[in-house]
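This is final-v2.cif. It holds mmCIF, C-alpha atoms and all ligand atoms.
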data_query
#
loop_
_atom_site.label_atom_id
_atom_site.label_comp_id
_atom_site.auth_asym_id
_atom_site.auth_seq_id
_atom_site.Cartn_x
_atom_site.Cartn_y
_atom_site.Cartn_z
CA MET Y 1 21.61 -17.80 29.32
CA LYS Y 2 19.68 -14.65 30.22
CA THR Y 3 16.54 -14.06 28.07
CA ILE Y 4 17.14 -11.93 25.00
CA LYS Y 5 14.60 -9.18 24.69
CA LYS Y 6 13.61 -7.04 21.78
CA SER Y 7 14.48 -3.37 22.04
CA GLN Y 8 11.98 -0.96 23.56
CA LYS Y 9 11.97 0.85 20.24
CA LEU Y 10 9.63 -1.93 19.05
CA ASP Y 11 7.15 -1.60 21.94
CA ASN Y 12 4.67 0.49 19.96
CA VAL Y 13 5.28 -1.20 16.64
CA CYS Y 14 2.51 -3.53 15.59
CA TYR Y 15 2.41 -5.15 12.19
CA ASP Y 16 -0.63 -7.39 12.02
CA ILE Y 17 -0.69 -8.23 8.30
CA ARG Y 18 1.73 -10.90 9.44
CA GLY Y 19 0.32 -11.46 12.98
CA PRO Y 20 -1.48 -14.13 15.13
CA VAL Y 21 -4.05 -15.04 12.47
CA VAL Y 22 -1.24 -15.57 9.95
CA GLU Y 23 0.59 -17.72 12.49
CA GLU Y 24 -2.46 -19.97 12.74
CA ALA Y 25 -2.66 -20.10 8.93
CA ASN Y 26 1.00 -21.12 8.80
CA ARG Y 27 0.36 -23.83 11.39
CA MET Y 28 -2.57 -25.16 9.37
CA THR Y 29 -0.55 -25.06 6.14
CA ALA Y 30 2.24 -27.02 7.86
CA GLU Y 31 -0.37 -29.67 8.68
CA GLY Y 32 -1.18 -29.92 5.00
CA ILE Y 33 -4.41 -27.91 5.08
CA ASP Y 34 -4.99 -25.92 1.92
CA ILE Y 35 -5.74 -22.27 2.66
CA ILE Y 36 -6.74 -19.43 0.35
CA MET Y 37 -4.29 -16.71 1.36
CA LEU Y 38 -5.93 -13.33 0.99
CA ASN Y 39 -3.71 -11.51 3.45
CA THR Y 40 -1.24 -9.79 1.14
CA GLY Y 41 -1.39 -8.11 -2.27
CA ASN Y 42 0.99 -10.62 -3.83
CA PRO Y 43 0.00 -10.83 -7.55
CA PRO Y 44 2.28 -13.68 -8.76
CA THR Y 45 0.79 -16.10 -6.22
CA PHE Y 46 -2.46 -15.79 -8.21
CA GLN Y 47 -0.91 -16.32 -11.64
CA LEU Y 48 -0.68 -12.58 -12.26
CA ASN Y 49 2.90 -12.70 -13.45
CA ALA Y 50 5.45 -10.19 -14.66
CA PRO Y 51 5.54 -9.35 -18.39
CA ASP Y 52 8.16 -11.50 -20.18
CA GLU Y 53 10.01 -8.37 -21.28
CA VAL Y 54 10.67 -7.40 -17.68
CA ILE Y 55 12.18 -10.78 -16.87
CA ARG Y 56 14.20 -10.70 -20.09
CA ASP Y 57 15.74 -7.32 -19.28
CA ILE Y 58 16.78 -8.42 -15.82
CA ARG Y 59 18.36 -11.61 -17.20
CA TYR Y 60 20.10 -9.70 -19.97
CA ASN Y 61 21.71 -7.36 -17.44
CA LEU Y 62 22.53 -9.86 -14.75
CA ARG Y 63 26.24 -10.14 -15.52
CA THR Y 64 26.71 -6.37 -15.40
CA SER Y 65 24.80 -6.11 -12.11
CA GLU Y 66 27.42 -7.66 -9.89
CA ALA Y 67 28.86 -4.47 -8.42
CA TYR Y 68 27.35 -1.99 -5.99
CA CYS Y 69 25.87 0.89 -7.93
CA HIS Y 70 25.25 4.56 -7.04
CA SER Y 71 23.44 4.74 -3.68
CA LYS Y 72 20.44 6.34 -5.38
CA GLY Y 73 20.28 3.73 -8.11
CA ILE Y 74 21.48 3.15 -11.67
CA PHE Y 75 21.29 6.15 -13.98
CA PRO Y 76 19.03 4.79 -16.79
CA ALA Y 77 16.43 3.66 -14.25
CA ARG Y 78 16.39 7.03 -12.48
CA LYS Y 79 16.16 8.78 -15.87
CA ALA Y 80 13.20 6.58 -16.84
CA ILE Y 81 11.48 7.46 -13.55
CA VAL Y 82 11.98 11.20 -14.22
CA GLN Y 83 10.46 10.78 -17.68
CA TYR Y 84 7.53 8.77 -16.30
CA TYR Y 85 6.61 11.67 -14.02
CA GLN Y 86 7.14 14.25 -16.77
CA THR Y 87 4.34 12.54 -18.70
CA ARG Y 88 2.19 12.97 -15.59
CA GLY Y 89 2.70 16.71 -15.29
CA ILE Y 90 5.58 16.77 -12.82
CA MET Y 91 8.31 18.93 -14.30
CA HIS Y 92 11.57 20.29 -12.88
CA LEU Y 93 12.83 16.87 -11.84
CA SER Y 94 16.30 15.44 -12.33
CA GLU Y 95 17.81 12.03 -11.64
CA GLU Y 96 19.20 13.57 -8.42
CA ASP Y 97 15.65 13.72 -7.05
CA VAL Y 98 15.14 9.96 -7.46
CA TYR Y 99 16.07 7.23 -4.97
CA ILE Y 100 15.67 3.56 -5.81
CA GLY Y 101 15.06 1.17 -2.93
CA ASN Y 102 14.61 -2.50 -2.10
CA GLY Y 103 10.87 -2.08 -2.53
CA SER Y 104 9.17 1.15 -1.59
CA SER Y 105 8.99 -0.27 1.96
CA GLU Y 106 12.68 0.45 2.51
CA LEU Y 107 12.11 4.05 1.43
CA VAL Y 108 9.11 4.48 3.76
CA SER Y 109 11.55 3.76 6.56
CA PHE Y 110 14.06 6.34 5.19
CA CYS Y 111 11.28 8.95 5.00
CA CYS Y 112 10.40 8.48 8.66
CA GLN Y 113 13.89 7.95 10.08
CA ALA Y 114 15.27 11.06 8.41
CA LEU Y 115 12.36 13.31 9.44
CA LEU Y 116 11.08 12.44 12.87
CA ASP Y 117 12.61 13.36 16.22
CA ASP Y 118 11.11 11.84 19.36
CA GLY Y 119 7.53 13.04 19.71
CA ASP Y 120 7.25 14.55 16.22
CA GLU Y 121 3.91 13.73 14.68
CA LEU Y 122 3.11 12.23 11.30
CA LEU Y 123 -0.47 12.26 9.99
CA ILE Y 124 -1.40 8.85 8.62
CA PRO Y 125 -4.72 7.72 7.16
CA MET Y 126 -7.09 5.49 9.13
CA PRO Y 127 -7.55 2.77 8.05
CA ASP Y 128 -3.83 2.79 7.33
CA TYR Y 129 -1.32 0.72 5.45
CA PRO Y 130 0.32 -0.35 8.72
CA LEU Y 131 3.90 -0.05 7.50
CA TRP Y 132 3.60 3.75 7.74
CA THR Y 133 2.37 3.64 11.34
CA ALA Y 134 5.03 1.09 12.31
CA SER Y 135 7.82 3.05 10.61
CA ALA Y 136 6.81 6.35 12.20
CA SER Y 137 6.78 4.71 15.64
CA LEU Y 138 10.10 2.95 15.10
CA ALA Y 139 11.64 6.28 14.10
CA GLY Y 140 10.57 7.69 17.50
CA GLY Y 141 7.69 9.68 16.03
CA LYS Y 142 4.04 9.67 16.94
CA PRO Y 143 1.64 8.39 14.29
CA VAL Y 144 -1.58 10.43 14.39
CA HIS Y 145 -4.41 8.92 12.39
CA TYR Y 146 -6.81 11.01 10.33
CA LEU Y 147 -10.15 9.62 9.29
CA CYS Y 148 -10.95 8.35 5.83
CA ASP Y 149 -14.72 8.45 5.77
CA GLU Y 150 -16.61 5.39 4.58
CA ALA Y 151 -19.78 7.47 4.18
CA SER Y 152 -17.90 9.66 1.65
CA ASN Y 153 -16.38 6.93 -0.51
CA TRP Y 154 -13.57 6.53 2.01
CA TYR Y 155 -12.15 9.97 1.11
CA PRO Y 156 -9.93 11.71 3.69
CA ASP Y 157 -11.91 13.95 6.02
CA LEU Y 158 -10.27 17.37 5.61
CA ASP Y 159 -11.80 18.79 8.81
CA ASP Y 160 -10.42 15.88 10.78
CA ILE Y 161 -6.97 16.42 9.24
CA ARG Y 162 -7.07 20.13 10.04
CA SER Y 163 -8.09 19.44 13.65
CA LYS Y 164 -5.09 17.14 14.14
CA VAL Y 165 -2.35 19.47 12.91
CA ASN Y 166 -0.29 21.08 15.68
CA ALA Y 167 3.19 22.49 16.22
CA ASN Y 168 4.68 18.97 16.33
CA THR Y 169 3.18 17.81 13.03
CA LYS Y 170 5.92 17.25 10.45
CA GLY Y 171 4.16 15.58 7.57
CA ILE Y 172 1.12 13.89 6.13
CA VAL Y 173 0.88 10.53 4.37
CA VAL Y 174 -1.63 10.17 1.53
CA ILE Y 175 -2.15 6.69 0.05
CA ASN Y 176 -3.84 7.07 -3.33
CA PRO Y 177 -5.15 4.73 -4.73
CA ASN Y 178 -5.71 3.43 -1.25
CA ASN Y 179 -4.84 0.22 0.49
CA PRO Y 180 -7.04 -1.10 2.17
CA THR Y 181 -10.13 0.80 0.91
CA GLY Y 182 -9.54 0.91 -2.86
CA ALA Y 183 -10.50 4.60 -2.91
CA VAL Y 184 -9.10 6.91 -5.60
CA TYR Y 185 -9.18 10.53 -4.51
CA PRO Y 186 -10.67 13.34 -6.59
CA ARG Y 187 -8.85 16.60 -7.25
CA GLU Y 188 -10.79 18.65 -4.62
CA ILE Y 189 -9.69 16.32 -1.83
CA LEU Y 190 -6.06 16.30 -2.97
CA GLU Y 191 -6.03 20.08 -3.31
CA GLY Y 192 -7.57 20.37 0.16
CA ILE Y 193 -4.72 18.28 1.59
CA VAL Y 194 -2.12 20.32 -0.30
CA LYS Y 195 -3.58 23.54 1.13
CA ILE Y 196 -3.35 22.24 4.71
CA ALA Y 197 0.21 20.99 4.07
CA VAL Y 198 1.38 24.28 2.57
CA GLU Y 199 -0.21 26.39 5.32
CA ASN Y 200 1.46 24.27 8.00
CA ASP Y 201 4.82 23.46 6.36
CA LEU Y 202 4.11 19.74 6.22
CA VAL Y 203 6.00 17.32 4.00
CA ILE Y 204 3.54 15.36 1.85
CA PHE Y 205 4.27 11.65 1.48
CA ALA Y 206 2.32 10.44 -1.53
CA ASP Y 207 2.28 6.65 -1.54
CA GLU Y 208 1.13 5.97 -5.10
CA ILE Y 209 2.18 2.36 -5.59
CA TYR Y 210 -1.22 1.58 -7.17
CA ASP Y 211 -1.23 4.56 -9.56
CA GLN Y 212 -1.66 2.32 -12.62
CA ILE Y 213 -4.38 0.16 -11.07
CA ILE Y 214 -7.50 2.24 -11.69
CA TYR Y 215 -10.93 1.01 -12.81
CA ASP Y 216 -13.72 2.63 -14.81
CA GLU Y 217 -13.40 6.25 -15.81
CA MET Y 218 -11.41 7.38 -12.78
CA ALA Y 219 -8.11 9.17 -13.32
CA HIS Y 220 -5.21 9.10 -10.94
CA ILE Y 221 -3.92 12.58 -10.10
CA PRO Y 222 -0.34 12.51 -8.80
CA MET Y 223 -0.04 14.61 -5.67
CA ALA Y 224 3.28 16.03 -6.90
CA SER Y 225 1.54 17.59 -9.91
CA LEU Y 226 -0.47 19.84 -7.57
CA THR Y 227 2.15 21.86 -5.73
CA GLU Y 228 5.63 23.36 -5.89
CA ASP Y 229 5.20 25.08 -2.51
CA THR Y 230 6.01 22.28 -0.12
CA LEU Y 231 8.14 19.13 -0.33
CA VAL Y 232 6.36 16.17 -1.89
CA VAL Y 233 7.88 12.71 -1.60
CA THR Y 234 6.22 10.33 -4.06
CA LEU Y 235 6.64 6.60 -3.48
CA ASN Y 236 6.04 3.97 -6.12
CA GLY Y 237 7.44 0.70 -7.43
CA LEU Y 238 7.01 -2.37 -9.59
CA SER Y 239 5.57 -4.80 -7.01
CA LYS Y 240 1.95 -4.34 -8.06
CA SER Y 241 1.70 -2.81 -11.54
CA HIS Y 242 4.46 -5.06 -12.94
CA ARG Y 243 3.85 -7.98 -10.59
CA ILE Y 244 7.39 -8.42 -9.23
CA PRO Y 245 7.03 -7.93 -5.45
CA GLY Y 246 9.68 -10.57 -4.79
CA PHE Y 247 12.32 -8.67 -6.74
CA ARG Y 248 12.01 -5.78 -4.28
CA VAL Y 249 12.19 -2.71 -6.46
CA GLY Y 250 10.63 0.64 -5.70
CA TRP Y 251 11.52 4.32 -5.74
CA MET Y 252 10.83 7.70 -4.26
CA VAL Y 253 10.96 11.05 -5.99
CA LEU Y 254 11.42 14.39 -4.28
CA SER Y 255 9.59 17.33 -5.87
CA GLY Y 256 8.29 20.75 -4.92
CA ASN Y 257 10.15 22.89 -2.40
CA ARG Y 258 13.48 21.08 -2.10
CA GLU Y 259 15.31 24.26 -1.11
CA ALA Y 260 13.50 24.45 2.24
CA ALA Y 261 14.12 20.73 2.76
CA ARG Y 262 17.87 20.72 2.14
CA ASP Y 263 18.75 19.41 5.58
CA TYR Y 264 16.10 16.68 5.45
CA ILE Y 265 17.38 15.62 2.03
CA GLU Y 266 20.88 15.40 3.46
CA GLY Y 267 19.44 13.00 6.08
CA ILE Y 268 17.87 10.88 3.35
CA ASN Y 269 21.19 10.82 1.48
CA ILE Y 270 22.95 9.57 4.62
CA LEU Y 271 20.46 6.70 4.97
CA ALA Y 272 20.70 5.82 1.28
CA THR Y 273 24.48 5.65 1.44
CA MET Y 274 24.48 3.63 4.67
CA ARG Y 275 22.76 0.75 2.87
CA LEU Y 276 25.20 1.15 -0.06
CA CYS Y 277 22.62 0.59 -2.82
CA ALA Y 278 19.43 -1.22 -3.72
CA ASN Y 279 19.37 -4.64 -5.41
CA VAL Y 280 20.95 -3.91 -8.79
CA PRO Y 281 19.53 -6.67 -11.07
CA ALA Y 282 15.95 -5.63 -10.28
CA GLN Y 283 16.71 -1.99 -11.17
CA HIS Y 284 17.08 -3.14 -14.77
CA ALA Y 285 13.35 -3.82 -14.81
CA ILE Y 286 12.51 -0.14 -14.34
CA GLN Y 287 13.30 1.32 -17.76
CA THR Y 288 11.38 -1.31 -19.68
CA SER Y 289 8.49 -1.21 -17.21
CA LEU Y 290 7.89 2.50 -17.41
CA GLY Y 291 7.96 2.93 -21.19
CA GLY Y 292 5.86 1.62 -24.04
CA TYR Y 293 3.05 -0.95 -23.80
CA GLN Y 294 1.65 -1.35 -20.29
CA SER Y 295 0.20 -4.81 -19.72
CA ILE Y 296 -1.53 -3.64 -16.55
CA ASP Y 297 -3.91 -1.57 -18.73
CA ASP Y 298 -5.37 -4.81 -20.13
CA LEU Y 299 -5.93 -6.18 -16.64
CA VAL Y 300 -7.88 -3.18 -15.35
CA ARG Y 301 -10.20 -2.58 -18.30
CA PRO Y 302 -13.55 -4.41 -18.82
CA GLY Y 303 -12.78 -8.06 -19.60
CA GLY Y 304 -9.44 -7.84 -17.79
CA ARG Y 305 -8.91 -10.06 -14.78
CA LEU Y 306 -8.53 -7.36 -12.15
CA TYR Y 307 -11.56 -5.44 -13.42
CA GLU Y 308 -13.76 -8.54 -13.43
CA GLN Y 309 -12.49 -9.70 -10.03
CA ARG Y 310 -13.19 -6.27 -8.54
CA ASN Y 311 -16.78 -6.55 -9.83
CA ILE Y 312 -17.26 -10.07 -8.47
CA VAL Y 313 -16.06 -9.16 -5.00
CA TYR Y 314 -18.11 -5.98 -4.83
CA LYS Y 315 -21.31 -7.72 -5.95
CA ARG Y 316 -20.89 -10.85 -3.85
CA LEU Y 317 -19.97 -9.00 -0.64
CA ASN Y 318 -22.99 -6.72 -0.89
CA GLU Y 319 -25.25 -9.76 -1.39
CA ILE Y 320 -24.29 -11.17 2.01
CA PRO Y 321 -26.78 -10.06 4.67
CA GLY Y 322 -24.91 -8.03 7.32
CA ILE Y 323 -21.99 -7.04 5.04
CA SER Y 324 -21.70 -3.89 2.97
CA CYS Y 325 -18.89 -2.61 0.84
CA VAL Y 326 -17.97 0.62 -0.96
CA LYS Y 327 -16.97 -0.06 -4.58
CA PRO Y 328 -13.19 0.14 -4.98
CA ASP Y 329 -12.10 2.48 -7.79
CA GLY Y 330 -8.49 1.33 -7.72
CA ALA Y 331 -5.85 -0.96 -6.16
CA LEU Y 332 -6.42 -4.62 -5.24
CA TYR Y 333 -8.54 -4.45 -2.11
CA CYS Y 334 -11.83 -3.62 -0.53
CA PHE Y 335 -12.63 -2.98 3.10
CA PRO Y 336 -16.14 -4.27 3.81
CA LYS Y 337 -18.17 -3.35 6.86
CA ILE Y 338 -19.72 -5.96 9.15
CA ASP Y 339 -22.94 -5.36 11.03
CA THR Y 340 -21.36 -6.32 14.37
CA ALA Y 341 -24.68 -6.29 16.29
CA ARG Y 342 -26.12 -8.93 13.97
CA PHE Y 343 -23.20 -11.32 14.52
CA ASN Y 344 -22.38 -10.23 18.08
CA ILE Y 345 -18.81 -9.45 16.98
CA THR Y 346 -16.69 -7.69 19.58
CA ASP Y 347 -13.28 -9.00 18.56
CA ASP Y 348 -12.28 -8.94 14.91
CA VAL Y 349 -9.13 -11.05 15.42
CA ARG Y 350 -11.43 -13.80 16.72
CA PHE Y 351 -13.67 -13.24 13.70
CA ALA Y 352 -10.73 -13.69 11.29
CA LEU Y 353 -9.50 -16.75 13.21
CA ASP Y 354 -12.94 -18.36 13.27
CA PHE Y 355 -13.35 -17.79 9.53
CA LEU Y 356 -9.88 -19.19 8.88
CA LYS Y 357 -10.44 -22.31 10.96
CA ARG Y 358 -13.90 -23.02 9.63
CA GLU Y 359 -13.56 -22.04 5.97
CA ARG Y 360 -9.80 -22.03 5.36
CA VAL Y 361 -9.62 -18.51 4.01
CA LEU Y 362 -7.13 -16.00 5.42
CA ILE Y 363 -8.27 -12.39 5.56
CA VAL Y 364 -6.93 -9.48 7.64
CA GLN Y 365 -9.12 -8.01 10.37
CA GLY Y 366 -9.77 -4.24 10.23
CA THR Y 367 -7.90 -3.49 13.45
CA GLY Y 368 -4.77 -4.71 11.63
CA PHE Y 369 -5.09 -1.45 9.68
CA ASN Y 370 -5.32 0.62 12.86
CA TRP Y 371 -9.09 0.85 12.45
CA THR Y 372 -10.39 1.17 16.00
CA GLU Y 373 -13.71 -0.71 15.76
CA PRO Y 374 -13.99 -4.51 15.19
CA ASP Y 375 -16.35 -3.97 12.26
CA HIS Y 376 -14.25 -4.27 9.09
CA PHE Y 377 -11.92 -6.65 7.30
CA ARG Y 378 -9.87 -6.48 4.11
CA VAL Y 379 -10.39 -8.64 1.09
CA VAL Y 380 -7.67 -8.98 -1.56
CA PHE Y 381 -9.33 -9.59 -4.92
CA LEU Y 382 -6.36 -11.18 -6.68
CA PRO Y 383 -7.65 -14.77 -7.08
CA ALA Y 384 -9.03 -15.67 -10.50
CA PRO Y 385 -12.85 -15.56 -10.80
CA ILE Y 386 -13.45 -19.26 -10.02
CA GLU Y 387 -11.41 -19.17 -6.83
CA LEU Y 388 -12.77 -15.76 -5.86
CA ASN Y 389 -16.35 -16.99 -6.23
CA GLU Y 390 -15.43 -20.01 -4.13
CA THR Y 391 -14.05 -17.66 -1.47
CA MET Y 392 -17.24 -15.62 -1.51
CA ASP Y 393 -19.33 -18.85 -1.26
CA ARG Y 394 -17.37 -19.77 1.85
CA LEU Y 395 -17.82 -16.30 3.37
CA GLN Y 396 -21.54 -16.36 2.64
CA ARG Y 397 -21.90 -19.78 4.27
CA PHE Y 398 -19.85 -18.69 7.28
CA MET Y 399 -21.79 -15.47 7.85
CA GLY Y 400 -25.06 -17.39 7.48
CA SER Y 401 -24.53 -19.11 10.85
CA TYR Y 402 -21.85 -17.08 12.66
CA ILE Y 403 -22.53 -15.64 16.08
CA GLN Y 404 -19.46 -14.72 18.14
CA ASP Y 405 -19.65 -16.06 21.69
N1 LIG Y 501 2.60 1.07 0.08
C1 LIG Y 501 1.41 0.47 -0.01
C2 LIG Y 501 0.16 1.29 0.08
C3 LIG Y 501 1.33 -0.92 -0.18
O1 LIG Y 501 0.12 -1.51 -0.26
C4 LIG Y 501 2.53 -1.67 -0.27
C5 LIG Y 501 2.48 -3.14 -0.39
O2 LIG Y 501 1.47 -3.78 -0.31
C6 LIG Y 501 3.75 -1.00 -0.17
C7 LIG Y 501 3.74 0.38 -0.01
C8 LIG Y 501 5.07 -1.72 -0.20
O3 LIG Y 501 5.40 -2.15 -1.45
P1 LIG Y 501 6.87 -2.59 -1.90
O4 LIG Y 501 7.77 -2.52 -0.71
O5 LIG Y 501 6.73 -3.96 -2.43
O6 LIG Y 501 7.29 -1.59 -2.95
#
Could you express the structure from this file as structure tokens?
Amino acid sequence: MKTIKKSQKLDNVCYDIRGPVVEEANRMTAEGIDIIMLNTGNPPTFQLNAPDEVIRDIRYNLRTSEAYCHSKGIFPARKAIVQYYQTRGIMHLSEEDVYIGNGSSELVSFCCQALLDDGDELLIPMPDYPLWTASASLAGGKPVHYLCDEASNWYPDLDDIRSKVNANTKGIVVINPNNPTGAVYPREILEGIVKIAVENDLVIFADEIYDQIIYDEMAHIPMASLTEDTLVVTLNGLSKSHRIPGFRVGWMVLSGNREAARDYIEGINILATMRLCANVPAQHAIQTSLGGYQSIDDLVRPGGRLYEQRNIVYKRLNEIPGISCVKPDGALYCFPKIDTARFNITDDVRFALDFLKRERVLIVQGTGFNWTEPDHFRVVFLPAPIELNETMDRLQRFMGSYIQD
């Protein structure tokens, strides 16, 4: 039989969070080697489980979830999402503006497929969450990366954004709180992005899946609360805050200038109907998740696991000679810098592989986040303190003797 090739549409699509280093980790696991998997933000694998109430509501509604539902999702869930955003200062929404998806990932693909013609540009942060870059490319668009500046707390560099807007630019993606840097953006930065978007008719894609995972005194400001003048597409879901990534439930909400975006919205509606509907049982988790007591609040305050783990990782990384790290204000990650001259590092995939083979810890190299230099990696701080300290011990030992040849 003739060889079967992947389509050329995938030529520019690279998705390294599950790439060659992960393949090696899988091979080692198959051999029975125990590896600490820090490559994905997968809370339940570290005993950060869903609240009982969420599981109960899904079970309770299982029998009535057999049929396809409305392509945008079940009504009570969409209503609960509207009310959630009302409490965050986003008014003038109706259930019609809400789309529920099989995780927010599915909706990222809708956003790009419905918007981008061949060659259209989408501004995406660098470092990125690579799904956005991959989805823009797959849709035929051109991902253009704007700099998030480590020297300024990893905030987006507004001058760099401005310099990259041209007649082909259709939209800008803002990930806040950020994966992989853990940055939470202040109002001035968000308003600066809104101004550029409004002046240039850009759609704003606000990926806010970590909006409830904020440490210290920081406040999350939803992008959609800042403008009515351009279209804002807010993405969110229950994978992180409610610890059910395997159930695949997320949503997007359209706000702001929907009149100007009527044709684009029609495109989104076509895509939503083509996949009939999202997983119905999991949609029953939404209403209970968005109202009342929020267990995530206990995890992110002092004494809570995520708060304490964030502190451990920040302290331990900065104690390792040749590694430095900006303190994450939100999310589940940090993106430390390596002094590459000190360790002679020229290839960060090799670095991640060497660390994996020697110390049995799986991290993702910075270039997996479309960072151009081999001088960063991402740490997921989900393991409980004992395991996290063990991971940091291993990293410290490894860096103590590592020189890349
Ligand atoms: N957006 C960001 C920034 C993420 O970090 C993730 C997952 O890690 C997603 C979107 C996708 O989440 P899900 O498809 O589980 O809703």
| request: Write out as an NGL selection string each polymer residue (protein, DNA or RNA) that has an atom no more than 8 Å from ligand LIG 501 (chain Y), with all atoms listed in the file counted. | output: :Y and (40-42 or 102-106 or 108 or 129 or 131 or 175-180 or 207-210 or 235-240 or 245-246 or 248-251)
With all atoms of range 343-351 of chain Y from the file as input, state the centre and edge lengths in Å to one decimal of the axis-aligned box that has 8 Å extra on each side, as lines of an AutoDock Vina configuration file.
center_x = -16.2
center_y = -10.7
center_z = 16.6
size_x = 30.1
size_y = 22.1
size_z = 21.9
| said: Please determine, counting all atoms listed in the file, which residue among Y:Arg378, Y:Glu319, Y:Thr234, Y:Asn370 has the shortest atom-to-atom distance to Gly400 in chain Y. | reply: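 So, comparing all the options, the nearest one is Y:Glu319.
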| request: Measure the distance from CA of Ala206 in chain Y to CA of Val174 in chain Y in Å and round it to one decimal. | output: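 Between CA of Ala206 in chain Y and CA of Val174 in chain Y the gap is 5.0 Å.
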| query | Given the choices Y:Phe205, Y:Phe381, Y:Tyr85, Y:Tyr68, which gets closest to Ile36 in chain Y if the distance is worked out from all atoms listed in the file? | reply |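 Checking each candidate against Ile36 in chain Y, we get Y:Phe381 as the closest.
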| Within 7 Å of range 158-170 of chain Y, counting all atoms listed in the file, which residues qualify if same-chain residues fewer than 2 places away don't, as a list of chain:residue names? | Y:Asp120, Y:Glu121, Y:Leu122, Y:Tyr146, Y:Leu147, Y:Pro156, Y:Gly192, Y:Ile193, Y:Ile196, Y:Leu202, Y:Val203
| message | If we count only C-alpha atoms and set the cut-off at 9 Å, which residues sit around Asp117 in chain Y, ignoring sequence neighbours fewer than 6 positions away in its own chain? Please answer as a ChimeraX atom specification. | response | /Y:139-141
| query | Restricting the calculation to only C-alpha atoms, which member of Y:Val22, Y:Cys14, Y:Ala219, Y:Leu62 is positioned closest to Trp132 in chain Y? | reply | Y:Cys14
| What is the CA of Thr340 in chain Y-CA of Val364 in chain Y distance in Å, reported with one decimal? |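 Answer for the CA of Thr340 in chain Y to CA of Val364 in chain Y separation: 16.2 Å.
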| query | If we count all atoms listed in the file, what is near Ile320 in chain Y at a cut-off of 8 Å, once residues fewer than 4 positions away on the same chain are taken out, given as number ranges by chain? | reply | Y: 316, 324, 396, 399
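Closest approach to Val313 in chain Y from the set Y:Gly330, Y:Tyr402, Y:Leu388, Y:Pro374 is made by Y:Leu388, with distances taken over all atoms listed in the file.
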Would you list the contacts of Ile323 in chain Y as a PDB file with C-alpha atoms, in the coordinates of the input, taking every protein, DNA or RNA residue within 9 Å and counting all atoms listed in the file, but skipping same-chain residues closer than 5 positions in sequence?
ATOM      1  CA  LEU Y 317     -19.970  -9.000  -0.640  1.00  0.00           C
ATOM      2  CA  ASN Y 318     -22.990  -6.720  -0.890  1.00  0.00           C
ATOM      3  CA  PRO Y 336     -16.140  -4.270   3.810  1.00  0.00           C
ATOM      4  CA  LYS Y 337     -18.170  -3.350   6.860  1.00  0.00           C
ATOM      5  CA  ILE Y 338     -19.720  -5.960   9.150  1.00  0.00           C
ATOM      6  CA  ASP Y 339     -22.940  -5.360  11.030  1.00  0.00           C
ATOM      7  CA  MET Y 399     -21.790 -15.470   7.850  1.00  0.00           C
TER       8      MET Y 399
END
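CA of His220 in chain Y is found 12.5 Å from CA of Ile189 in chain Y.
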